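J.: Following this line is model_33.txt, made up of compact mmCIF, C-alpha atoms and all ligand atoms:
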# COMPACT_ATOMS: atom_id res chain seq x y z
CA MET A 1 27.38 275.31 38.52
CA ARG A 2 29.74 278.07 37.48
CA ILE A 3 33.34 277.19 36.62
CA ASP A 4 35.90 279.97 36.26
CA ILE A 5 39.16 279.09 34.55
CA LEU A 6 42.24 281.27 34.79
CA THR A 7 44.67 280.69 31.97
CA LEU A 8 47.16 282.37 29.68
CA PHE A 9 45.55 280.49 26.78
CA PRO A 10 41.76 280.94 26.93
CA ASN A 11 41.43 280.02 23.24
CA MET A 12 42.48 276.46 24.04
CA PHE A 13 39.10 275.98 25.74
CA THR A 14 36.78 277.08 22.95
CA GLY A 15 36.89 273.91 20.85
CA PRO A 16 36.38 271.24 23.53
CA PHE A 17 33.53 273.04 25.32
CA ASP A 18 31.72 273.86 22.10
CA GLU A 19 30.77 270.29 21.23
CA SER A 20 28.59 267.45 22.34
CA ILE A 21 27.57 266.91 25.94
CA ILE A 22 29.38 269.87 27.51
CA LYS A 23 27.90 272.22 24.93
CA ARG A 24 24.43 270.90 25.68
CA ALA A 25 24.99 271.38 29.42
CA ILE A 26 26.04 274.98 28.79
CA ASP A 27 23.09 275.61 26.43
CA ASN A 28 20.72 274.19 29.07
CA ASN A 29 22.20 276.49 31.75
CA ILE A 30 23.32 273.56 33.88
CA VAL A 31 26.88 274.86 33.85
CA SER A 32 28.50 278.10 32.88
CA ILE A 33 32.18 277.98 32.00
CA VAL A 34 33.96 281.32 32.09
CA THR A 35 37.57 281.55 30.94
CA HIS A 36 39.71 284.49 32.03
CA ASN A 37 42.94 285.58 30.42
CA LEU A 38 45.54 285.97 33.18
CA ARG A 39 47.29 288.46 30.95
CA ASP A 40 44.46 290.90 31.79
CA TRP A 41 45.92 291.10 35.30
CA GLY A 42 49.52 291.23 34.07
CA LEU A 43 51.90 293.81 35.55
CA GLY A 44 52.98 297.01 33.85
CA LYS A 45 52.68 298.04 30.28
CA HIS A 46 53.97 294.65 29.13
CA LYS A 47 51.29 292.89 31.18
CA MET A 48 53.97 290.71 32.72
CA VAL A 49 52.74 287.39 34.12
CA ASP A 50 56.00 285.51 34.66
CA ASP A 51 59.48 286.27 35.92
CA TYR A 52 62.92 284.78 36.64
CA PRO A 53 63.18 282.42 39.59
CA PHE A 54 64.84 283.73 42.75
CA GLY A 55 67.96 281.67 43.33
CA GLY A 56 68.44 281.16 39.61
CA GLY A 57 67.75 278.19 37.41
CA ALA A 58 66.14 277.48 34.09
CA GLY A 59 62.67 278.55 33.08
CA MET A 60 60.22 281.15 34.22
CA VAL A 61 57.91 281.25 37.21
CA MET A 62 54.36 282.58 37.17
CA LYS A 63 54.09 285.71 39.25
CA THR A 64 51.98 285.99 42.38
CA GLU A 65 50.15 289.29 41.86
CA PRO A 66 48.24 288.58 38.60
CA ILE A 67 46.86 285.31 39.93
CA PHE A 68 45.82 286.68 43.33
CA GLU A 69 44.18 289.71 41.79
CA ALA A 70 42.43 287.66 39.13
CA VAL A 71 40.97 285.25 41.69
CA GLU A 72 39.84 288.10 43.94
CA ALA A 73 38.19 289.90 41.02
CA ILE A 74 36.48 286.73 39.83
CA LYS A 75 35.22 285.84 43.30
CA THR A 76 33.33 289.12 43.53
CA GLN A 77 31.59 288.47 40.19
CA GLU A 78 28.16 286.86 40.63
CA GLY A 79 27.59 286.26 44.35
CA SER A 80 30.92 286.18 46.15
CA ASP A 81 30.72 282.55 47.26
CA SER A 82 33.90 282.39 49.35
CA SER A 83 33.43 278.63 49.85
CA ALA A 84 34.24 277.97 46.19
CA PRO A 85 37.29 275.72 45.91
CA VAL A 86 40.28 277.34 44.23
CA ILE A 87 41.94 274.46 42.44
CA LEU A 88 45.46 274.62 41.13
CA LEU A 89 46.20 272.17 38.31
CA THR A 90 49.72 270.94 38.98
CA PRO A 91 51.80 267.78 38.56
CA GLN A 92 52.28 267.89 42.35
CA GLY A 93 48.57 267.68 43.15
CA ARG A 94 46.54 264.71 44.32
CA VAL A 95 45.74 262.42 41.42
CA PHE A 96 42.31 263.03 39.95
CA ASN A 97 39.79 260.21 39.87
CA GLN A 98 36.05 259.50 39.63
CA ASN A 99 35.50 260.06 43.37
CA ILE A 100 37.11 263.50 43.24
CA ALA A 101 34.99 264.33 40.18
CA ALA A 102 31.82 263.40 42.07
CA GLU A 103 32.89 265.42 45.12
CA LEU A 104 33.66 268.52 43.07
CA ALA A 105 30.29 268.24 41.31
CA LYS A 106 28.59 269.10 44.63
CA PHE A 107 29.88 272.68 44.68
CA ASP A 108 28.00 275.38 42.85
CA ARG A 109 31.20 277.15 41.94
CA LEU A 110 34.77 276.10 41.08
CA ILE A 111 37.76 278.29 40.31
CA LEU A 112 40.55 276.60 38.33
CA ILE A 113 44.06 277.96 37.90
CA CYS A 114 46.13 276.63 35.01
CA GLY A 115 49.86 276.92 35.43
CA HIS A 116 52.25 277.22 32.54
CA TYR A 117 56.01 277.63 32.25
CA GLU A 118 58.18 275.70 34.66
CA GLY A 119 56.19 276.61 37.71
CA ILE A 120 54.21 278.93 39.83
CA ASP A 121 55.22 281.11 42.81
CA GLU A 122 54.83 278.98 45.94
CA ARG A 123 52.72 281.66 47.69
CA ILE A 124 49.84 280.88 45.31
CA ARG A 125 49.89 277.31 46.54
CA GLU A 126 50.22 278.34 50.19
CA HIS A 127 47.79 281.23 50.43
CA LEU A 128 45.34 281.04 47.53
CA ALA A 129 44.75 277.51 46.32
CA THR A 130 42.51 275.31 48.47
CA ASP A 131 43.23 272.16 46.45
CA GLU A 132 45.90 270.92 44.04
CA ILE A 133 45.10 268.35 41.38
CA SER A 134 47.14 266.37 38.85
CA ILE A 135 45.50 264.21 36.18
CA GLY A 136 48.22 261.56 36.18
CA ASP A 137 51.89 260.77 36.03
CA TYR A 138 52.93 262.19 32.68
CA VAL A 139 54.21 265.63 31.78
CA LEU A 140 51.95 268.10 29.98
CA THR A 141 53.01 271.50 28.69
CA GLY A 142 50.55 273.27 30.99
CA GLY A 143 47.49 272.90 33.18
CA GLU A 144 44.96 273.70 30.44
CA LEU A 145 44.34 270.19 29.16
CA ALA A 146 44.19 268.97 32.76
CA ALA A 147 41.52 271.59 33.52
CA MET A 148 39.50 270.42 30.50
CA VAL A 149 39.69 266.83 31.69
CA LEU A 150 38.55 267.86 35.16
CA VAL A 151 35.67 269.98 33.82
CA ASP A 152 34.49 267.19 31.52
CA ALA A 153 34.49 264.60 34.31
CA VAL A 154 32.76 266.96 36.78
CA VAL A 155 30.09 268.26 34.41
CA ARG A 156 28.96 264.70 33.56
CA HIS A 157 27.92 264.40 37.21
CA LEU A 158 25.61 267.41 37.23
CA PRO A 159 21.91 266.55 37.33
CA GLY A 160 20.35 266.69 33.87
CA VAL A 161 23.58 266.44 31.90
CA LEU A 162 23.31 262.77 31.02
CA GLY A 163 20.16 260.92 30.00
CA SER A 164 18.71 258.51 32.59
CA GLU A 165 20.09 255.54 30.65
CA GLU A 166 23.64 256.87 30.65
CA SER A 167 23.64 257.85 34.31
CA ALA A 168 22.39 254.42 35.35
CA GLU A 169 25.22 252.99 33.30
CA GLU A 170 27.56 255.04 35.47
CA ASP A 171 26.84 252.64 38.31
CA SER A 172 28.86 250.05 36.40
CA HIS A 173 31.92 252.22 36.97
CA THR A 174 31.11 252.39 40.66
CA THR A 175 31.23 248.58 40.81
CA GLY A 176 34.93 249.03 40.06
CA LEU A 177 34.90 246.66 37.09
CA LEU A 178 35.78 247.31 33.48
CA GLU A 179 33.00 247.22 30.96
CA TYR A 180 31.99 244.09 29.05
CA PRO A 181 32.52 243.85 25.25
CA GLN A 182 29.81 245.45 23.10
CA TYR A 183 28.65 244.64 19.59
CA THR A 184 26.19 245.99 17.07
CA ARG A 185 25.09 244.96 13.58
CA PRO A 186 26.13 243.15 11.45
CA PRO A 187 26.25 239.81 13.32
CA ALA A 188 29.22 238.77 11.16
CA TYR A 189 31.84 241.04 9.59
CA ARG A 190 34.70 239.53 7.54
CA GLY A 191 33.95 236.29 9.31
CA TRP A 192 34.24 237.79 12.81
CA GLU A 193 31.11 236.77 14.63
CA VAL A 194 29.24 238.37 17.49
CA PRO A 195 29.13 236.01 20.50
CA GLN A 196 26.09 233.76 20.06
CA VAL A 197 24.74 234.46 23.54
CA LEU A 198 24.06 238.12 22.65
CA LEU A 199 21.82 237.05 19.76
CA SER A 200 19.98 234.47 21.86
CA GLY A 201 17.40 236.79 23.40
CA ASN A 202 17.97 235.07 26.75
CA HIS A 203 18.35 238.09 28.98
CA ALA A 204 19.38 236.25 32.14
CA GLN A 205 22.11 234.45 30.21
CA ILE A 206 23.22 237.70 28.58
CA ALA A 207 23.46 239.43 31.95
CA ARG A 208 25.53 236.54 33.33
CA TRP A 209 27.86 236.56 30.28
CA ARG A 210 28.41 240.32 30.58
CA ARG A 211 29.15 240.16 34.29
CA GLU A 212 31.60 237.33 33.68
CA GLN A 213 33.32 239.23 30.87
CA SER A 214 33.63 242.32 33.08
CA ILE A 215 35.20 240.28 35.85
CA LEU A 216 37.64 238.38 33.63
CA ARG A 217 38.65 241.52 31.76
CA THR A 218 39.25 243.41 35.00
CA PHE A 219 41.33 240.55 36.38
CA LEU A 220 43.52 240.41 33.27
CA ARG A 221 43.92 244.12 32.58
CA ARG A 222 43.52 245.89 35.89
CA PRO A 223 44.58 243.70 38.81
CA ASP A 224 44.54 246.86 40.96
CA LEU A 225 40.79 247.30 40.35
CA PHE A 226 40.12 243.58 40.63
CA GLU A 227 41.55 243.44 44.15
CA LYS A 228 39.21 246.19 45.34
CA ALA A 229 36.14 245.02 43.40
CA ASN A 230 33.04 243.95 45.24
CA LEU A 231 32.77 240.31 44.12
CA SER A 232 31.12 237.24 45.58
CA ALA A 233 33.24 234.24 46.54
CA GLU A 234 31.72 232.45 43.57
CA GLU A 235 32.79 235.21 41.20
CA ARG A 236 36.35 235.12 42.47
CA LYS A 237 36.42 231.38 41.91
CA LEU A 238 35.26 231.93 38.35
CA VAL A 239 38.43 233.85 37.66
CA ALA A 240 40.62 231.21 39.24
CA ASN A 241 39.07 228.66 36.89
CA LYS A 242 38.73 230.67 33.69
CA ALA A 243 41.27 233.43 33.48
CA VAL A 244 44.27 231.18 33.95
CA THR A 245 43.60 229.51 30.63
CA ARG A 246 44.78 232.78 29.00
CA PHE A 247 48.25 232.29 30.46
CA ASP A 248 48.68 228.71 29.20
C1 LIG B 301 60.88 270.38 35.89
C2 LIG B 301 59.81 269.61 36.55
N1 LIG B 301 58.55 269.61 35.83
C3 LIG B 301 57.56 268.81 36.63
C4 LIG B 301 57.43 267.42 36.12
C5 LIG B 301 58.07 270.97 35.68
C6 LIG B 301 56.74 271.07 35.06
C7 LIG B 301 56.45 270.44 33.87
C8 LIG B 301 55.22 270.59 33.27
C9 LIG B 301 55.78 271.87 35.65
C10 LIG B 301 54.55 272.02 35.05
C11 LIG B 301 54.27 271.38 33.88
C12 LIG B 301 52.97 271.55 33.22
N2 LIG B 301 51.97 270.59 33.71
C13 LIG B 301 50.91 270.98 34.40
O1 LIG B 301 50.76 272.15 34.64
C14 LIG B 301 49.97 270.01 34.88
C15 LIG B 301 49.97 268.56 34.78
C16 LIG B 301 50.88 267.63 34.20
O2 LIG B 301 51.91 267.97 33.61
N3 LIG B 301 50.58 266.30 34.32
C17 LIG B 301 49.47 265.84 34.94
N4 LIG B 301 48.61 266.67 35.50
C18 LIG B 301 48.86 268.02 35.42
S1 LIG B 301 47.90 269.19 36.07
C19 LIG B 301 48.85 270.42 35.57
Now, as a test, write the supplied structure out as C-alpha cells.
Ligand code: 9D3
T.:
Amino acid sequence: MRIDILTLFPNMFTGPFDESIIKRAIDNNIVSIVTHNLRDWGLGKHKMVDDYPFGGGAGMVMKTEPIFEAVEAIKTQEGSDSSAPVILLTPQGRVFNQNIAAELAKFDRLILICGHYEGIDERIREHLATDEISIGDYVLTGGELAAMVLVDAVVRHLPGVLGSEESAEEDSHTTGLLEYPQYTRPPAYRGWEVPQVLLSGNHAQIARWRREQSILRTFLRRPDLFEKANLSAEERKLVANKAVTRFD
C-alpha cells in the first residue's frame, strides 16, 4: 500500500513512523508513506496556502488551489490509480473505527489531506475529497495527529505487518468485548497476587475465567459494546448474577 499525506507540517510525521511496527512495515515494503508539504504548491512568491474567509470572521481558511494541484500531482506519481480514496481529516467527518480501518486497508493507495487553521475551502470537500473522517469528538489543532492515528490503525491490517499470534488476537476485538486482565511474573508483588486460576495450568478453566472477565468488564465499562456483543443467553445471565455485586 502507498499512503500519501498532504500537510503543512511534514516533520510531525517523522517520529511516529520511524519506530516499532510501522517502521518495520515500511522497511519490509508492505507500506510506503510519502508526506508532501502543501507549501510546495503554495501561491505566489510567499507560497500562500491560506487566506481570509469570504464573509468575514475569525481565522484563516486553507486555499483551494494548492490542495487541488497537490492531489493532482501526487495522483500521477506511480501509476495514476484514480480509484484511490482522497480522505479529508476533519472534525465533521464520519467517526473512525475498526471497521473503517479494515475497509481502508483493502485499497492499494490512500491520499490523506490534513487541514489546519480554522478550516478548509468547501470546494475541496465538494469536488476533491471522496471521504471525510474524524477520529472522535474532541478538538485537535490540526488533522496531522488524526492522520497518524488512521495510518497506524490501517497499516496493522496489512498482511505481514503483525505476527500470526497478534493477528489472531485481533479476533478478540471483533467479538466486541474488552480484553481480560493480564499478568506476568512475579506471582506476588507487594502482596498483590495474580489470580490463582492463571497459575493452575488448567487451560479450560483459564479460558472460562478470561471470557467471564471480558464479559463482566465490558458490561461495567462499555455498556454500548455489551449491548451489541455476541453472547449466549448463559453469558448474559452470568452478568445479571455477578456484575451487580459491584454496585452493592
Ligand atoms: C470553530 C470550530 N472548530 C471545529 C470544532 C474549528 C476547527 C477546530 C480544529 C477546525 C479544525 C480543527 C482541527 N482539527 C482537525 O483538523 C481534525 C480533527 C479534530 O479536531 N478532532 C477529531 N478528529 C479530527 S480529524 C481532523
J.: Please identify every polymer residue within 7 Å of ligand LIG 301 (chain B), using all atoms listed in the file, and present the set as a list in words.
T.: Leu89, Thr90, Pro91, Cys114, Gly115, His116, Tyr117, Glu118, Gly119, Ile133, Ser134, Ile135, Gly136, Asp137, Tyr138, Val139, Leu140, Thr141, Gly142, Gly143 and Ala146 of chain A
J.: Name the residues in contact with Leu38 (chain A) at a cut-off of 8 Å, using all atoms listed in the file, excluding same-chain residues fewer than 3 positions from it; report them as a ChimeraX atom specification.
T.: /A:6-8,41-42,49,66-67,70
J.: The centre and edge lengths of an axis-aligned box containing all atoms of region 30-41 of chain A present in the file, extended by 5 Å on each side, are to be given in Å to one decimal, as JSON.
T.:
{"center_x": 35.3, "center_y": 282.3, "center_z": 32.9, "size_x": 34.0, "size_y": 27.5, "size_z": 14.9}
J.: Which residue out of A:Leu145, A:Val31, A:Ala58, A:Ser200 has the minimum interatomic distance to Met12 (chain A) when only C-alpha atoms are used?
T.: A:Leu145
J.: Which neighbours of Phe13 (chain A) fall inside 10 Å, counting all atoms listed in the file, when residues of the same chain fewer than 3 positions from it are skipped, and could you give them as a PyMOL selection string?
T.: chain A and resi 5+7+9-10+16-18+33-35+144-145+147-148
J.: Expressed in Å to a single decimal, how great is the separation between CA of Glu212 (chain A) and CA of Leu238 (chain A)?
T.: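 We find that CA of Glu212 (chain A) and CA of Leu238 (chain A) lie 8.0 Å from each other.
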J.: What is the CA of Ile21 (chain A)-CA of Ala102 (chain A) distance in Å, reported with one decimal?
T.: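 CA of Ala102 (chain A) lies 17.0 Å from CA of Ile21 (chain A).
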J.: Of the candidates A:Ser214, A:Ser20, A:Ser83, A:Gln92, which one gets nearest to Lys106 (chain A) if we count only C-alpha atoms?
T.: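 Once distances to Lys106 (chain A) are computed over only C-alpha atoms, the minimum belongs to A:Ser83.
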J.: Quote the spacing between CA of Ile87 (chain A) and CA of Ile111 (chain A) in Å to one decimal place.
T.: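 Distance reported for this atom pair: 6.1 Å.
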J.: Of the candidates A:His127, A:Val155, A:Glu166, A:Met60, which one gets nearest to Ala25 (chain A) if we count all atoms listed in the file?
T.: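 For Ala25 (chain A), the nearest of the candidates is A:Val155.
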J.: Which residues, written as a list in words, have at least one atom at most 10 Å from Leu128 (chain A), with all atoms listed in the file counted and residues fewer than 4 positions away on the same chain left out?
T.: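 Within the cut-off, the hits are Thr64, Ile67, Phe68, Val71, Glu72, Pro85, Val86, Ile87, Leu88, Glu122, Arg123 and Ile124 of chain A.
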J.: What lies within 10 Å of Pro195 (chain A) using only C-alpha atoms, ignoring chain neighbours under 2 positions off, as a list in words?
T.: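 The filter keeps Pro181, Gln182, Tyr183, Pro187, Ala188, Trp192, Glu193, Val197, Leu198, Leu199, Ser200 and Trp209 of chain A.
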J.: Write out N, CA and C atoms for region 83-110 of chain A, as a tab-separated table (two decimals), in the frame of the given file.
T.:
chain	number	residue	atom	x	y	z
A	83	SER	N	33.18	280.06	49.61
A	83	SER	CA	33.43	278.63	49.85
A	83	SER	C	33.87	277.91	48.58
A	84	ALA	N	33.87	278.61	47.44
A	84	ALA	CA	34.24	277.97	46.19
A	84	ALA	C	35.69	277.49	46.25
A	85	PRO	N	35.92	276.21	45.96
A	85	PRO	CA	37.29	275.72	45.91
A	85	PRO	C	38.10	276.47	44.85
A	86	VAL	N	39.34	276.76	45.20
A	86	VAL	CA	40.28	277.34	44.23
A	86	VAL	C	41.29	276.24	43.94
A	87	ILE	N	41.18	275.67	42.76
A	87	ILE	CA	41.94	274.46	42.44
A	87	ILE	C	43.09	274.77	41.50
A	88	LEU	N	44.27	274.45	41.95
A	88	LEU	CA	45.46	274.62	41.13
A	88	LEU	C	45.75	273.30	40.42
A	89	LEU	N	45.82	273.36	39.07
A	89	LEU	CA	46.20	272.17	38.31
A	89	LEU	C	47.72	272.11	38.29
A	90	THR	N	48.27	271.05	38.85
A	90	THR	CA	49.72	270.94	38.98
A	90	THR	C	50.14	269.48	39.05
A	91	PRO	N	51.32	269.16	38.47
A	91	PRO	CA	51.80	267.78	38.56
A	91	PRO	C	52.00	267.32	40.01
A	92	GLN	N	52.07	268.26	40.94
A	92	GLN	CA	52.28	267.89	42.35
A	92	GLN	C	51.00	267.67	43.13
A	93	GLY	N	49.85	267.80	42.44
A	93	GLY	CA	48.57	267.68	43.15
A	93	GLY	C	48.18	266.24	43.42
A	94	ARG	N	47.07	266.06	44.13
A	94	ARG	CA	46.54	264.71	44.32
A	94	ARG	C	45.99	264.24	42.98
A	95	VAL	N	46.09	262.94	42.75
A	95	VAL	CA	45.74	262.42	41.42
A	95	VAL	C	44.22	262.31	41.26
A	96	PHE	N	43.74	262.96	40.24
A	96	PHE	CA	42.31	263.03	39.95
A	96	PHE	C	41.73	261.65	39.70
A	97	ASN	N	40.49	261.45	40.16
A	97	ASN	CA	39.79	260.21	39.87
A	97	ASN	C	38.27	260.45	39.91
A	98	GLN	N	37.51	259.40	39.71
A	98	GLN	CA	36.05	259.50	39.63
A	98	GLN	C	35.44	260.00	40.94
A	99	ASN	N	36.02	259.60	42.07
A	99	ASN	CA	35.50	260.06	43.37
A	99	ASN	C	35.68	261.56	43.54
A	100	ILE	N	36.85	262.07	43.14
A	100	ILE	CA	37.11	263.50	43.24
A	100	ILE	C	36.15	264.25	42.31
A	101	ALA	N	35.93	263.70	41.12
A	101	ALA	CA	34.99	264.33	40.18
A	101	ALA	C	33.61	264.46	40.81
A	102	ALA	N	33.15	263.39	41.44
A	102	ALA	CA	31.82	263.40	42.07
A	102	ALA	C	31.77	264.39	43.22
A	103	GLU	N	32.84	264.47	44.00
A	103	GLU	CA	32.89	265.42	45.12
A	103	GLU	C	32.83	266.86	44.60
A	104	LEU	N	33.61	267.15	43.59
A	104	LEU	CA	33.66	268.52	43.07
A	104	LEU	C	32.32	268.93	42.45
A	105	ALA	N	31.58	267.95	41.95
A	105	ALA	CA	30.29	268.24	41.31
A	105	ALA	C	29.27	268.77	42.31
A	106	LYS	N	29.54	268.64	43.60
A	106	LYS	CA	28.59	269.10	44.63
A	106	LYS	C	28.67	270.60	44.90
A	107	PHE	N	29.74	271.23	44.46
A	107	PHE	CA	29.88	272.68	44.68
A	107	PHE	C	29.10	273.44	43.61
A	108	ASP	N	28.65	274.65	43.94
A	108	ASP	CA	28.00	275.38	42.85
A	108	ASP	C	28.95	276.36	42.17
A	109	ARG	N	30.20	276.34	42.62
A	109	ARG	CA	31.20	277.15	41.94
A	109	ARG	C	32.58	276.52	42.10
A	110	LEU	N	33.37	276.54	41.03
A	110	LEU	CA	34.77	276.10	41.08
A	110	LEU	C	35.63	277.17	40.41
